[in-house]
Every structure is written in C-alpha cells, then in structure tokens.
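Student: My questions will all concern the structure given below.
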Amino acid sequence: MPLEDYKEIVGTSAMVTTIGQMFAGTIICKDIYHKGNSEGFDPMPFIGGTGMCILMLQYALILGDQNMINVNICGLLLNLLYVIFYYLYSPNKSNVHLKIAKAVAFLAIILGYMQIESSENLEFRCGIIITVLMLLLLGAPLFNLGEIIKTKSTESLPFPLILMATLVTFQWLLYGIIIDNVFVIFQNAVGFVLSAAQLSLFAIYPSKPVEQEKLKKK
C-alpha cells in the first residue's frame with residue numbers, strides 16, 4: 001500500500017497523542033489547587049502554549065489540514081483554561097498581566113505580519129517562524145543541561161512531558177512525510193531528536209541528586 005493510504009490513521013493517532021500530551025497541564029493545575037495558590041509555578045508554559053496553538057492553528061488553516069486544525073483548536077481551549085485557572089490562583093495578578101501582555105504583543109506582531117505577507121510566500125515564511133518557536137519550546141529543558149550534569153540528577157526534567165513529546169514528534173514526523181510538507185518534517189525531526197536526547201538523560205542520571213540518595217541510605 002502507498003504511504004498516503006496511512007494518512008488518516010497516522011494523523012488521527014498523532015492528534016489523539018498530542019491531545020493527551022496537552023492534558024498534562026492538569027497535573028500542574030492539580031498541584032496548584034492542593035497548594036492553594038500558584039506561587040512558585042511559572043505561567044509561561046500555559047501562556048506560551050496558548051500562543052503556539054494560535055500560530056499552529058493559523059498555519060493549519062493555510063495548509064487546509066483538518067487533523068492539525070482539530071488538534072490545535074483543542075489545544076487552544078485547554079491552554080486558555082489553564083491560563084484562567086492559574087490566574088484565579090495567582091497571588092500576584094499584576095505579574096501575570098505583564099506576561100500575558102508581552103505574549104499578546106508578540107503574537108499580534110506575528111499575526112499582523114501574516115496578514116500583510118503575500119499569499120505565495122505565506123506558507124513558507126510562516127513555516128519558518130513556527131519552526132523556530134517550536135524548537136525553542138522543545139529545546140528549553142536542555143538549557144538546564146549544565147545543572148543536570150553538575151548535580152548528576154534529572155530531577156528538574158518532567159519525564160512524562162518529555163516521553164509524550166518524543167511520541168508526539170515521532171508521529172507528526174511520519175505525518176509530515178506522508179503529506180510531504182518540509183516544515184512539518186523538519187520541525188518534528190529536530191523535535192524528536194531533542195526530546196529523545198532529553199529522554200536519554202534519564203538512562204544516564206537518576207531522578208534524585210546523588211547526595212540525597214546517599215543521605216536516605218544513611
């Protein structure tokens with residue numbers, strides 16, 4: 001069978017897995033609820049997730065890809081709920097206002113650019129922008145690589161999110177190959193490598209610092 005015959009199967013599988021990954025935010029919301037406030041939790045994963053879903057939805061509309069449209073509508077709604085939940089439990093709402101304002105301004109610039117860009121260049125240049133932003137988001141945990149090596153611990157890395165990201169990027173990579181879209185292929189090929197590299201750290205270092213493990217044994 002030609003690879004195109006698997007388009008709906010792979011697309012649906014990638015969509016379901018991605019939506020499952022998006023529900024990981026409920027774990028953070030649960031911790032906030034039990035604590036009674038959102039102090040110590042960063043709102044940017046929720047705010048950034050909302051922004052990325054808006055941009056990815058715009059790109060999906062340009063491509064006319066229903067699977068990508070569906071998953072990003074769902075992601076947008078979930079992340080908006082996460083932002084609202086975080087805001088309601090935030091003891092410093094002015095700080096949340098500032099971060100939301102910065103994100104909205106950045107998003108408005110990109111969306112404004114998309115409106116004035118010529119139709120023949122829109123898909124290509126929009127793809128470049130989204131690829132860069134997505135790779136920054138996926139690679140963000142590696143910014144703490146020096147600390148991980150220093151402490152010999154992967155405690156700061158969210159294992160469930162990284163595992164899901166590895167599965168999601170692999171499935172969307174297959175989907176990109178099927179629809180023959182260079183940006184979907186590149187985004188998810190690099191994303192898969194970044195996620196797999198982070199996942200491999202769990203095989204090298206324990207989830208707790210070596211010092212803590214020694215203290216527990218004593």
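Naming scheme: A, B, ... for chains in displayed order of the structure tokens; residues 1 onward per chain; ligands 1 onward as shown.
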Out of chain A, which residues get alpha helix (DSSP H) from DSSP, as JSON, numbers by chain?
Tutor: {"A": [7, 8, 9, 10, 11, 12, 13, 14, 15, 16, 17, 18, 19, 20, 21, 22, 25, 26, 27, 28, 29, 30, 31, 32, 33, 34, 35, 44, 45, 46, 47, 48, 49, 50, 51, 52, 53, 54, 55, 56, 57, 58, 59, 60, 61, 62, 63, 66, 67, 68, 69, 70, 71, 72, 73, 74, 75, 76, 77, 78, 79, 80, 81, 82, 83, 84, 85, 86, 87, 88, 93, 94, 95, 96, 97, 98, 99, 100, 101, 102, 103, 104, 105, 106, 107, 108, 109, 110, 111, 112, 113, 114, 115, 116, 119, 120, 121, 122, 123, 124, 125, 126, 127, 128, 129, 130, 131, 132, 133, 134, 135, 136, 137, 138, 139, 145, 146, 147, 148, 149, 150, 151, 159, 160, 161, 162, 163, 164, 165, 166, 167, 168, 169, 170, 171, 172, 173, 174, 175, 176, 177, 178, 179, 182, 183, 184, 185, 186, 187, 188, 189, 190, 191, 192, 193, 194, 195, 196, 197, 198, 199, 200, 201, 202, 203, 204, 210, 211, 212, 213, 214, 215, 216, 217]}
Student: Per residue of segment 71-155 of chain A within 10 Å of segment 52-66 of chain A, note the shortest atom pair and the distance in Å to one decimal, counting only C-alpha atoms, and order the rows by chain and increasing residue number, as JSON lines.
Tutor:
{"residue": "A:Val71", "atom": "CA", "partner": "A:Leu57", "partner_atom": "CA", "distance": 8.5}
{"residue": "A:Asn72", "atom": "CA", "partner": "A:Cys53", "partner_atom": "CA", "distance": 5.2}
{"residue": "A:Ile73", "atom": "CA", "partner": "A:Leu57", "partner_atom": "CA", "distance": 6.9}
{"residue": "A:Cys74", "atom": "CA", "partner": "A:Cys53", "partner_atom": "CA", "distance": 8.8}
{"residue": "A:Gly75", "atom": "CA", "partner": "A:Cys53", "partner_atom": "CA", "distance": 6.1}
{"residue": "A:Leu76", "atom": "CA", "partner": "A:Cys53", "partner_atom": "CA", "distance": 5.3}
{"residue": "A:Leu77", "atom": "CA", "partner": "A:Cys53", "partner_atom": "CA", "distance": 9.1}
{"residue": "A:Leu78", "atom": "CA", "partner": "A:Cys53", "partner_atom": "CA", "distance": 10.0}
{"residue": "A:Asn79", "atom": "CA", "partner": "A:Cys53", "partner_atom": "CA", "distance": 8.5}
{"residue": "A:Leu107", "atom": "CA", "partner": "A:Leu55", "partner_atom": "CA", "distance": 8.1}
{"residue": "A:Ile110", "atom": "CA", "partner": "A:Leu55", "partner_atom": "CA", "distance": 8.4}
{"residue": "A:Leu111", "atom": "CA", "partner": "A:Leu55", "partner_atom": "CA", "distance": 7.7}
{"residue": "A:Met114", "atom": "CA", "partner": "A:Gln58", "partner_atom": "CA", "distance": 9.0}
{"residue": "A:Ser119", "atom": "CA", "partner": "A:Ile62", "partner_atom": "CA", "distance": 9.5}
{"residue": "A:Leu122", "atom": "CA", "partner": "A:Ile62", "partner_atom": "CA", "distance": 8.2}
{"residue": "A:Glu123", "atom": "CA", "partner": "A:Ile62", "partner_atom": "CA", "distance": 6.6}
{"residue": "A:Phe124", "atom": "CA", "partner": "A:Tyr59", "partner_atom": "CA", "distance": 10.0}
{"residue": "A:Cys126", "atom": "CA", "partner": "A:Tyr59", "partner_atom": "CA", "distance": 6.9}
{"residue": "A:Gly127", "atom": "CA", "partner": "A:Tyr59", "partner_atom": "CA", "distance": 7.3}
{"residue": "A:Ile129", "atom": "CA", "partner": "A:Leu55", "partner_atom": "CA", "distance": 9.3}
{"residue": "A:Ile130", "atom": "CA", "partner": "A:Leu55", "partner_atom": "CA", "distance": 7.1}
{"residue": "A:Thr131", "atom": "CA", "partner": "A:Met56", "partner_atom": "CA", "distance": 9.8}
{"residue": "A:Leu133", "atom": "CA", "partner": "A:Met52", "partner_atom": "CA", "distance": 7.9}
{"residue": "A:Met134", "atom": "CA", "partner": "A:Met52", "partner_atom": "CA", "distance": 7.6}
{"residue": "A:Leu137", "atom": "CA", "partner": "A:Met52", "partner_atom": "CA", "distance": 9.3}
Student: Between A:Ala203, A:Val132, A:Leu194, A:Leu88, which is the closest to Asn37 of chain A once you count only C-alpha atoms?
Tutor: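 Smallest separation from Asn37 of chain A among the options: A:Leu88.
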Student: Tell me, in Å to one decimal, how far atom CA of His34 of chain A is from atom CA of Phe85 of chain A.
Tutor: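 Atom-to-atom, atom CA of His34 of chain A to atom CA of Phe85 of chain A, that is 12.9 Å.
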Student: What does the distance from atom CA of Thr50 of chain A to atom CA of Val83 of chain A come to in Å, to one decimal?
Tutor: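 Atom CA of Val83 of chain A lies at a distance of 8.4 Å from atom CA of Thr50 of chain A.
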Student: Residues at most 12 Å from Gly40 of chain A, counting only C-alpha atoms, excluding those fewer than 5 positions away in the same chain, as a list of chain:residue names?
Tutor: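 The residues that qualify are A:Ile28, A:Asp31, A:Ile32, A:Lys35, A:Tyr86, A:Tyr89, A:Ser90, A:Pro91, A:Asn92.
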Student: Contacts between segment 9-27 of chain A and segment 38-72 of chain A, please, where a residue of segment 38-72 of chain A counts if it comes within 9 Å (with only C-alpha atoms); show its shortest atom pair and distance in Å to one decimal, rows by chain and ascending number, as a Markdown table.
Tutor:
| residue | atom | partner | partner_atom | distance |
| --- | --- | --- | --- | --- |
| A:Pro45 | CA | A:Gly25 | CA | 8.8 |
| A:Phe46 | CA | A:Gly25 | CA | 7.9 |
| A:Gly49 | CA | A:Met22 | CA | 9.0 |
| A:Asn67 | CA | A:Gly11 | CA | 6.1 |
| A:Met68 | CA | A:Met15 | CA | 7.4 |
| A:Asn70 | CA | A:Met15 | CA | 7.8 |
| A:Val71 | CA | A:Met15 | CA | 5.6 |
| A:Asn72 | CA | A:Ile19 | CA | 8.7 |
Student: Could those residues be written to a file, using N, CA and C atoms, as an mmCIF file, in the first residue's frame?
Tutor:
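For reference, result-v4.cif as written:
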data_model
loop_
_atom_site.group_PDB
_atom_site.id
_atom_site.type_symbol
_atom_site.label_atom_id
_atom_site.label_comp_id
_atom_site.auth_asym_id
_atom_site.auth_seq_id
_atom_site.Cartn_x
_atom_site.Cartn_y
_atom_site.Cartn_z
ATOM 1 N N PRO A 45 4.471 28.269 30.466
ATOM 2 C CA PRO A 45 4.074 27.095 29.670
ATOM 3 C C PRO A 45 2.629 27.178 29.189
ATOM 4 N N PHE A 46 1.738 27.731 30.031
ATOM 5 C CA PHE A 46 0.335 27.876 29.648
ATOM 6 C C PHE A 46 0.156 29.022 28.655
ATOM 7 N N GLY A 49 1.925 28.075 25.475
ATOM 8 C CA GLY A 49 1.154 27.030 24.808
ATOM 9 C C GLY A 49 -0.050 27.590 24.075
ATOM 10 N N ASN A 67 -6.668 17.547 10.386
ATOM 11 C CA ASN A 67 -6.113 16.943 11.605
ATOM 12 C C ASN A 67 -5.373 17.973 12.446
ATOM 13 N N MET A 68 -4.571 18.812 11.802
ATOM 14 C CA MET A 68 -3.829 19.847 12.512
ATOM 15 C C MET A 68 -4.766 20.924 13.061
ATOM 16 N N ASN A 70 -7.941 20.453 14.032
ATOM 17 C CA ASN A 70 -8.654 19.890 15.186
ATOM 18 C C ASN A 70 -7.794 19.884 16.449
ATOM 19 N N VAL A 71 -6.537 19.423 16.316
ATOM 20 C CA VAL A 71 -5.681 19.288 17.491
ATOM 21 C C VAL A 71 -5.338 20.655 18.076
ATOM 22 N N ASN A 72 -5.193 21.669 17.236
ATOM 23 C CA ASN A 72 -4.830 22.987 17.756
ATOM 24 C C ASN A 72 -6.021 23.768 18.307
#
Student: Which distance in Å separates atom CA of Ser38 of chain A and atom CA of Lys93 of chain A, to one decimal?
Tutor: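 These two atoms are separated by 10.3 Å.
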Student: Quick one: residues within 10 Å of Ala197 of chain A, only C-alpha atoms, excluding same-chain residues fewer than 5 positions away - as a tab-separated table (two decimals) with N, CA, C and O atoms, in the first residue's frame?
Tutor:
chain	number	residue	atom	x	y	z
A	139	GLY	N	13.29	22.59	23.01
A	139	GLY	CA	14.67	22.52	23.49
A	139	GLY	C	14.91	23.23	24.80
A	139	GLY	O	16.00	23.13	25.37
A	142	LEU	N	16.77	21.71	27.82
A	142	LEU	CA	18.20	21.48	27.66
A	142	LEU	C	19.05	22.67	28.11
A	142	LEU	O	20.26	22.56	28.23
A	162	ILE	N	8.31	14.86	28.59
A	162	ILE	CA	9.37	14.55	27.62
A	162	ILE	C	9.05	13.26	26.88
A	162	ILE	O	9.25	13.16	25.65
A	166	THR	N	8.34	13.00	22.85
A	166	THR	CA	9.06	12.08	21.96
A	166	THR	C	8.08	11.31	21.08
A	166	THR	O	8.29	11.18	19.86
A	191	GLY	N	12.61	18.12	16.58
A	191	GLY	CA	11.92	17.98	17.87
A	191	GLY	C	12.07	16.59	18.44
A	191	GLY	O	12.26	16.42	19.65
A	192	PHE	N	11.99	15.58	17.58
A	192	PHE	CA	12.15	14.20	18.03
A	192	PHE	C	13.56	13.97	18.57
A	192	PHE	O	13.74	13.32	19.62
A	202	PHE	N	17.62	10.33	31.30
A	202	PHE	CA	17.06	9.56	32.41
A	202	PHE	C	17.74	8.20	32.54
A	202	PHE	O	17.70	7.58	33.60
Student: Nearest residue to Phe186 of chain A out of A:Leu135, A:Met44, A:Lys99, A:Phe143, using only C-alpha atoms?
Tutor: A:Leu135
Student: Hey, which of A:Ser153, A:Asn188, A:Ile178, A:Phe159 ends up closest to Tyr205 of chain A? Count only C-alpha atoms.
Tutor: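 Of A:Ser153, A:Asn188, A:Ile178, A:Phe159, the one nearest Tyr205 of chain A, counting only C-alpha atoms, is A:Ser153.
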